[in-house]
$ cat input09.cif   # mmCIF, C-alpha atoms and all ligand atoms
data_my_file
loop_
_atom_site.label_atom_id
_atom_site.label_comp_id
_atom_site.auth_asym_id
_atom_site.auth_seq_id
_atom_site.Cartn_x
_atom_site.Cartn_y
_atom_site.Cartn_z
CA MET J 105 -0.02 13.83 -8.99
CA PRO J 106 0.37 15.71 -11.24
CA ALA J 107 -1.16 13.02 -13.45
CA LEU J 108 0.68 12.17 -16.65
CA PHE J 109 -1.55 13.95 -19.14
CA CYS J 110 -3.75 16.07 -16.89
CA ARG J 111 -4.38 19.81 -16.97
CA CYS J 112 -6.94 20.01 -14.16
CA VAL J 113 -6.53 22.96 -11.78
CA THR J 114 -5.03 20.74 -9.05
CA CYS J 115 -2.42 19.18 -11.33
CA VAL J 116 -1.46 22.63 -12.66
CA ARG J 117 -1.08 23.93 -9.07
CA ALA J 118 0.92 20.84 -8.05
CA ARG J 119 3.34 21.33 -10.98
CA ALA J 120 3.93 24.92 -9.86
CA LEU J 121 4.15 24.38 -6.09
CA ARG J 122 5.89 20.96 -6.04
CA GLY J 123 7.00 19.77 -2.56
CA LYS J 124 4.53 17.35 -0.97
CA ASN J 125 2.10 18.02 -3.82
CA ILE J 126 4.21 15.80 -6.04
CA ARG J 127 2.92 12.31 -5.29
CA THR J 128 4.10 9.09 -6.89
CA ARG J 129 2.15 5.85 -6.78
CA SER J 130 1.38 4.15 -3.46
CA SER J 131 3.65 1.66 -1.80
CA ALA J 132 5.25 0.96 1.56
CA LEU J 133 8.46 -0.53 2.92
CA ILE J 134 8.29 -2.17 6.36
CA ASP J 135 11.46 -2.28 8.48
CA GLY J 136 13.53 -2.03 5.30
CA VAL J 137 12.83 -5.68 4.45
CA LEU J 138 9.20 -6.19 3.48
CA LYS J 139 7.88 -4.21 0.51
CA ILE J 140 4.18 -3.82 -0.12
CA ASP J 141 3.58 -3.44 -3.86
CA PHE J 142 6.15 -2.40 -6.43
CA PRO J 143 4.74 0.47 -8.47
CA PRO J 144 6.27 1.89 -11.65
CA ASP J 145 7.66 4.88 -9.68
CA THR J 146 9.87 2.77 -7.42
CA LEU J 147 13.17 3.94 -8.92
CA SER J 148 12.06 7.57 -8.53
CA GLN J 149 11.16 6.89 -4.87
CA VAL J 150 14.58 5.34 -4.25
CA ILE J 151 16.32 8.35 -5.85
CA HIS J 152 14.28 11.18 -4.34
CA HIS J 153 13.32 9.84 -0.91
CA ASP J 154 16.41 7.97 0.20
CA VAL J 155 14.60 4.64 0.14
CA ASP J 156 17.04 1.76 0.58
CA LEU J 157 15.89 -1.46 -1.08
CA THR J 158 19.21 -3.24 -0.75
CA GLU J 159 17.99 -5.16 2.32
CA MET J 160 14.54 -5.90 0.87
CA LYS J 161 13.82 -9.61 1.21
CA ALA J 162 10.17 -9.93 0.21
CA VAL J 163 7.49 -8.21 -1.84
CA LEU J 164 3.83 -8.60 -0.93
CA PHE J 165 1.49 -7.58 -3.75
CA THR J 166 -2.05 -6.43 -3.06
CA HIS J 167 -3.36 -6.74 -6.62
CA GLY J 168 -2.34 -6.49 -10.24
CA HIS J 169 -3.44 -2.94 -11.14
CA ASP J 170 -0.48 -1.28 -12.77
CA ASP J 171 -0.28 1.64 -10.31
CA HIS J 172 0.81 -1.03 -7.77
CA PHE J 173 2.43 -3.63 -9.94
CA SER J 174 5.46 -3.23 -12.16
CA PRO J 175 7.01 -6.70 -11.97
CA SER J 176 9.61 -6.35 -14.72
CA GLU J 177 11.48 -3.77 -12.55
CA LEU J 178 12.33 -6.59 -10.13
CA GLN J 179 14.78 -8.02 -12.66
CA TYR J 180 17.22 -5.27 -11.59
CA ARG J 181 17.82 -7.15 -8.33
CA GLY J 182 19.54 -9.84 -10.42
CA SER J 183 23.29 -10.35 -10.15
CA TYR J 184 23.86 -8.99 -13.67
CA PHE J 185 22.71 -5.54 -12.47
CA VAL J 186 23.92 -5.42 -8.85
CA SER J 187 27.35 -5.26 -7.24
CA PRO J 188 28.07 -7.10 -5.05
CA PRO J 189 25.46 -9.64 -6.19
CA ILE J 190 22.52 -10.41 -3.86
CA THR J 191 22.63 -14.13 -3.27
CA SER J 192 19.24 -14.65 -1.59
CA ALA J 193 16.14 -15.28 -3.71
CA LEU J 194 13.54 -12.52 -3.52
CA GLU J 195 10.39 -13.87 -1.86
CA ILE J 196 7.31 -12.70 -3.78
CA PHE J 197 3.76 -13.14 -2.49
CA GLY J 198 0.44 -12.16 -4.06
CA PRO J 199 -2.83 -13.34 -5.58
CA ARG J 200 -2.52 -16.13 -8.18
CA ASP J 201 -2.94 -13.89 -11.26
CA VAL J 202 -0.25 -11.55 -9.93
CA ILE J 203 2.19 -14.40 -9.33
CA GLN J 204 1.52 -15.74 -12.84
CA SER J 205 2.33 -12.29 -14.28
CA VAL J 206 5.51 -12.07 -12.19
CA SER J 207 6.54 -15.47 -13.48
CA CYS J 208 6.02 -14.34 -17.11
CA SER J 209 7.82 -11.02 -16.55
CA LEU J 210 11.03 -12.24 -14.96
CA ASP J 211 13.80 -14.34 -16.47
CA PRO J 212 14.96 -16.89 -13.85
CA GLU J 213 18.41 -16.79 -15.45
CA LEU J 214 18.66 -13.11 -14.50
CA VAL J 215 16.97 -12.86 -11.12
CA SER J 216 16.38 -15.43 -8.41
CA THR J 217 12.88 -15.44 -6.92
CA ALA J 218 10.65 -17.68 -4.82
CA LEU J 219 7.02 -17.23 -5.85
CA HIS J 220 4.09 -17.81 -3.46
CA CYS J 221 0.36 -17.61 -4.27
CA ILE J 222 -1.80 -16.15 -1.52
CA GLU J 223 -5.46 -17.01 -0.97
CA PRO J 224 -7.88 -14.74 0.89
CA ASP J 225 -8.45 -15.69 4.55
CA ARG J 226 -5.44 -18.04 4.62
CA PRO J 227 -2.74 -16.66 6.93
CA VAL J 228 0.80 -16.90 5.68
CA SER J 229 4.23 -16.28 7.16
CA VAL J 230 6.35 -13.83 5.15
CA ILE J 231 9.99 -13.56 6.30
CA GLY J 232 8.91 -13.66 9.95
CA TYR J 233 5.84 -11.43 9.58
CA GLN J 234 2.41 -12.99 10.16
CA VAL J 235 0.25 -11.90 7.24
CA PHE J 236 -3.52 -12.27 7.16
CA PRO J 237 -4.89 -11.63 3.65
CA PHE J 238 -8.54 -10.81 3.04
CA THR J 239 -10.60 -9.76 0.05
CA ALA J 240 -10.77 -6.04 -0.65
CA ASN J 241 -13.88 -4.43 -2.11
CA HIS J 242 -12.07 -3.10 -5.16
CA ASP J 243 -12.34 -4.85 -8.53
CA PRO J 244 -14.67 -7.83 -8.83
CA SER J 245 -12.88 -9.05 -11.98
CA ARG J 246 -9.76 -10.11 -10.05
CA VAL J 247 -8.52 -11.02 -6.58
CA CYS J 248 -7.58 -7.84 -4.69
CA LEU J 249 -6.22 -8.25 -1.18
CA ASN J 250 -5.83 -6.11 1.92
CA TYR J 251 -3.59 -7.30 4.71
CA VAL J 252 -3.21 -7.37 8.46
CA ILE J 253 0.53 -7.69 9.00
CA LYS J 254 1.95 -8.55 12.42
CA GLY J 255 5.64 -7.87 12.82
CA PRO J 256 8.23 -9.74 14.91
CA ASP J 257 7.79 -7.03 17.62
CA GLY J 258 4.05 -7.83 17.86
CA ALA J 259 2.81 -4.62 16.21
CA SER J 260 -0.02 -5.08 13.69
CA LEU J 261 -0.63 -2.95 10.62
CA LEU J 262 -3.79 -2.95 8.51
CA TYR J 263 -2.82 -2.18 4.91
CA ALA J 264 -5.97 -1.30 2.97
CA SER J 265 -5.07 -0.04 -0.48
CA ASP J 266 -6.93 -0.50 -2.65
CA THR J 267 -10.48 -0.99 -1.39
CA GLY J 268 -13.94 0.50 -1.17
CA TRP J 269 -16.18 0.21 1.90
CA TYR J 270 -16.01 -3.31 3.35
CA PRO J 271 -19.03 -5.58 3.47
CA GLU J 272 -20.31 -6.54 6.94
CA ARG J 273 -18.51 -9.90 6.94
CA THR J 274 -15.14 -8.15 6.54
CA TRP J 275 -15.84 -5.74 9.42
CA LYS J 276 -16.72 -8.78 11.56
CA LEU J 277 -13.49 -10.47 10.49
CA LEU J 278 -11.43 -7.44 11.49
CA GLU J 279 -12.90 -7.49 15.01
CA LYS J 280 -10.62 -10.40 15.92
CA PHE J 281 -7.48 -8.33 15.33
CA GLN J 282 -5.71 -5.83 17.58
CA ILE J 283 -4.49 -3.26 15.09
CA ASP J 284 -1.80 -0.74 16.03
CA GLY J 285 -1.84 1.28 12.82
CA VAL J 286 -3.73 1.64 9.55
CA ILE J 287 -2.63 2.66 6.07
CA VAL J 288 -5.73 3.17 3.96
CA GLU J 289 -6.50 4.44 0.51
CA CYS J 290 -8.46 7.67 0.07
CA THR J 291 -9.03 8.18 -3.63
CA LYS J 292 -12.18 10.33 -3.53
CA ARG J 293 -13.20 13.50 -1.73
CA GLU J 294 -16.89 12.62 -1.42
CA GLU J 295 -18.85 9.37 -1.38
CA GLY J 296 -20.35 8.11 -4.63
CA GLY J 297 -18.85 7.24 -7.99
CA TYR J 298 -16.77 4.08 -8.31
CA PRO J 299 -17.56 1.91 -5.25
CA GLY J 300 -14.15 0.23 -5.23
CA HIS J 301 -12.39 3.26 -3.74
CA LEU J 302 -12.81 5.11 -0.44
CA SER J 303 -13.62 8.77 0.15
CA VAL J 304 -12.65 11.17 2.96
CA PRO J 305 -15.94 10.65 4.90
CA GLU J 306 -15.62 6.86 4.57
CA VAL J 307 -12.04 6.84 5.82
CA ALA J 308 -13.22 8.87 8.83
CA ARG J 309 -16.05 6.37 9.40
CA MET J 310 -13.56 3.52 9.10
CA ARG J 311 -11.51 4.94 11.98
CA LYS J 312 -14.64 5.26 14.16
CA ARG J 313 -15.81 1.77 13.26
CA LEU J 314 -12.45 0.12 14.03
CA GLU J 315 -12.20 2.05 17.31
CA SER J 316 -15.77 1.24 18.35
CA THR J 317 -15.15 -2.51 18.08
CA GLY J 318 -11.85 -2.26 19.93
CA SER J 319 -9.82 -3.37 16.88
CA LEU J 320 -7.94 -0.09 16.75
CA ARG J 321 -6.52 1.63 19.80
CA PRO J 322 -7.66 5.24 20.27
CA GLY J 323 -4.77 7.41 19.20
CA ALA J 324 -3.20 4.73 17.01
CA PRO J 325 -1.79 6.15 13.77
CA MET J 326 -4.10 6.06 10.75
CA ILE J 327 -2.59 7.26 7.49
CA ALA J 328 -4.53 7.96 4.31
CA THR J 329 -2.78 7.54 0.96
CA HIS J 330 -3.54 6.86 -2.75
CA PHE J 331 -5.16 10.29 -3.22
CA GLY J 332 -6.69 11.01 -6.60
CA HIS J 333 -5.87 14.35 -8.25
CA LEU J 334 -9.57 14.65 -9.06
CA MET J 335 -10.19 15.18 -5.34
CA GLY J 336 -9.04 18.71 -6.14
CA LEU J 337 -6.90 18.99 -2.98
CA LEU J 338 -3.27 19.91 -2.49
CA HIS J 339 -1.30 18.31 0.34
CA ASP J 340 -1.89 21.08 2.90
CA GLU J 341 -5.62 21.01 2.19
CA LEU J 342 -5.74 17.22 2.58
CA GLU J 343 -3.80 17.44 5.81
CA THR J 344 -6.24 19.98 7.29
CA LEU J 345 -9.33 18.10 6.15
CA LEU J 346 -8.17 14.69 7.40
CA SER J 347 -6.83 15.97 10.71
CA ILE J 348 -10.40 16.70 11.84
CA ASP J 349 -10.82 12.94 12.20
CA SER J 350 -7.28 12.26 13.50
CA ILE J 351 -6.09 10.91 10.17
CA GLN J 352 -2.70 11.80 8.70
CA ALA J 353 -2.21 12.58 5.02
CA ALA J 354 0.60 10.51 3.53
CA TYR J 355 3.29 12.09 1.38
CA ASP J 356 6.19 10.66 -0.56
CA GLY J 357 9.03 9.65 1.72
CA MET J 358 6.87 9.64 4.88
CA THR J 359 8.17 7.45 7.69
CA ILE J 360 5.98 6.25 10.55
CA ASP J 361 6.44 4.14 13.65
CA ILE J 362 3.83 1.49 14.42
CA ASN J 363 4.30 0.28 17.96
CA PRO J 364 2.65 -2.64 19.73
CA ALA J 365 0.15 -1.80 22.47
ZN ZN X 1 -5.34 16.36 -12.68
ZN ZN X 2 -6.35 -0.87 -7.79
ZN ZN X 3 -4.43 1.81 -6.91
#

$ encode --input "input09.cif" --output "structure tokens" --more "lines below"
Ligand SMILES: [Zn+2]
Ligand SMILES: [Zn+2]
Ligand SMILES: [Zn+2]
Amino acid sequence: MPALFCRCVTCVRARALRGKNIRTRSSALIDGVLKIDFPPDTLSQVIHHDVDLTEMKAVLFTHGHDDHFSPSELQYRGSYFVSPPITSALEIFGPRDVIQSVSCSLDPELVSTALHCIEPDRPVSVIGYQVFPFTANHDPSRVCLNYVIKGPDGASLLYASDTGWYPERTWKLLEKFQIDGVIVECTKREEGGYPGHLSVPEVARMRKRLESTGSLRPGAPMIATHFGHLMGLLHDELETLLSIDSIQAAYDGMTIDINPA
């Protein structure tokens, strides 16, 4: 936000007010080494939010929608573009179609990568992080994954962008995890419309549901992100609305600590 070609009231206000109302596309960097998604705004995030990708060792893709997935940018990790050269191969994990696209987008002569296909419900180790992938309720035409990621310190993060409301089997599946923090998409203000995205009331219900089954500690951080401009809300308004249910509104450059119980 503001969206590329949009003149809605919210985008016009965001262009004027700037600050936290300027939002690039969703992504996260864990402990400086594990990147979740690689959106087309990554260079802008590095420039404007002091993000350091020089120690990044792995990228974990959720799905191939282009607001999350800009694989050709990864070529700039290659020795031709970097001084001093990075000698380690970049470990790249994601659904099969994503890995195929990465393979087509990158020239192995330019950048060294190790590509790994991920299947839903098959745990995988990613540079020392235990990653449990499961199917998101997002786009039935392709594999879209959400992740429970357990770090070397034992803290577990649920990364749920993108997804709509989970089916019952997924809620049951999540009951076996002890989650210390959640990052979740919140694309819509109200329920209804496209079922593959979550709304403010659903994100609030998600917190209650995870807490009621004991998966999420009361007081654990839950951060909403991936806000659509058509929600009609500026950052301050989102922050106020979400705080009612103890949910934080993400902004570009936000840093959070997820600690084990
Ligand atoms: Zn707009
Ligand atoms: Zn998507
Ligand atoms: Zn998205």

$ residues_around --input "input09.cif" --residues "Ser216 in chain J" --least-positions-apart "2" --cutoff "10 Å" --atoms "only C-alpha atoms" --output "ChimeraX atom specification"
/J:178-179,181-183,190-195,210-214,218-219

$ residues_around --input "input09.cif" --residues "Tyr270 in chain J" --least-positions-apart "2" --cutoff "10 Å" --atoms "all atoms listed in the file" --output "count of residues only"
14

$ residues_near_ligand --input "input09.cif" --ligand "ligand ZN 3 (chain X)" --cutoff "7 Å" --atoms "all atoms listed in the file" --output "list in words"
His169, Asp171, His172, Ser265, Asp266 and His330 of chain J

$ atom_distance --input "input09.cif" --atom1 "CA of His153 in chain J" --atom2 "CA of Ser209 in chain J"
26.6 Å

$ closest_atom_pairs --input "input09.cif" --of "chain J" --to "ligand ZN 1 (chain X)" --cutoff "12 Å" --atoms "all atoms listed in the file" --output "CSV"
residue,atom,partner,partner_atom,distance
J:Met105,CA,X:ZN1,ZN,7.0
J:Pro106,CA,X:ZN1,ZN,5.9
J:Ala107,CA,X:ZN1,ZN,5.4
J:Leu108,CA,X:ZN1,ZN,8.3
J:Phe109,CA,X:ZN1,ZN,7.9
J:Cys110,CA,X:ZN1,ZN,4.5
J:Arg111,CA,X:ZN1,ZN,5.6
J:Cys112,CA,X:ZN1,ZN,4.3
J:Val113,CA,X:ZN1,ZN,6.8
J:Thr114,CA,X:ZN1,ZN,5.7
J:Cys115,CA,X:ZN1,ZN,4.3
J:Val116,CA,X:ZN1,ZN,7.4
J:Arg117,CA,X:ZN1,ZN,9.4
J:Ala118,CA,X:ZN1,ZN,9.0
J:Arg119,CA,X:ZN1,ZN,10.1
J:Asn125,CA,X:ZN1,ZN,11.7
J:Ile126,CA,X:ZN1,ZN,11.6
J:Arg127,CA,X:ZN1,ZN,11.8
J:Phe331,CA,X:ZN1,ZN,11.2
J:Gly332,CA,X:ZN1,ZN,8.2
J:His333,CA,X:ZN1,ZN,4.9
J:Leu334,CA,X:ZN1,ZN,5.8
J:Met335,CA,X:ZN1,ZN,8.9
J:Gly336,CA,X:ZN1,ZN,7.9
J:Leu337,CA,X:ZN1,ZN,10.2
J:Leu338,CA,X:ZN1,ZN,11.0

$ write_last_selection --input "input09.cif" --atoms "C-alpha atoms" --output "CSV table (one decimal), keeping the file's coordinate frame"
chain,number,residue,atom,x,y,z
J,105,MET,CA,0.0,13.8,-9.0
J,106,PRO,CA,0.4,15.7,-11.2
J,107,ALA,CA,-1.2,13.0,-13.4
J,108,LEU,CA,0.7,12.2,-16.6
J,109,PHE,CA,-1.6,14.0,-19.1
J,110,CYS,CA,-3.8,16.1,-16.9
J,111,ARG,CA,-4.4,19.8,-17.0
J,112,CYS,CA,-6.9,20.0,-14.2
J,113,VAL,CA,-6.5,23.0,-11.8
J,114,THR,CA,-5.0,20.7,-9.0
J,115,CYS,CA,-2.4,19.2,-11.3
J,116,VAL,CA,-1.5,22.6,-12.7
J,117,ARG,CA,-1.1,23.9,-9.1
J,118,ALA,CA,0.9,20.8,-8.0
J,119,ARG,CA,3.3,21.3,-11.0
J,125,ASN,CA,2.1,18.0,-3.8
J,126,ILE,CA,4.2,15.8,-6.0
J,127,ARG,CA,2.9,12.3,-5.3
J,331,PHE,CA,-5.2,10.3,-3.2
J,332,GLY,CA,-6.7,11.0,-6.6
J,333,HIS,CA,-5.9,14.4,-8.2
J,334,LEU,CA,-9.6,14.6,-9.1
J,335,MET,CA,-10.2,15.2,-5.3
J,336,GLY,CA,-9.0,18.7,-6.1
J,337,LEU,CA,-6.9,19.0,-3.0
J,338,LEU,CA,-3.3,19.9,-2.5

$ atom_distance --input "input09.cif" --atom1 "CA of His152 in chain J" --atom2 "CA of Val307 in chain J"
28.5 Å

$ residues_around --input "input09.cif" --residues "range 134-143 of chain J" --least-positions-apart "3" --cutoff "10 Å" --atoms "all atoms listed in the file" --output "PyMOL selection string"
chain J and resi 128-131+146-147+149+155-178+195-198+230-233+251+253+255+261+263+265+359-362

$ atom_distance --input "input09.cif" --atom1 "CA of Pro325 in chain J" --atom2 "CA of Gly285 in chain J"
5.0 Å
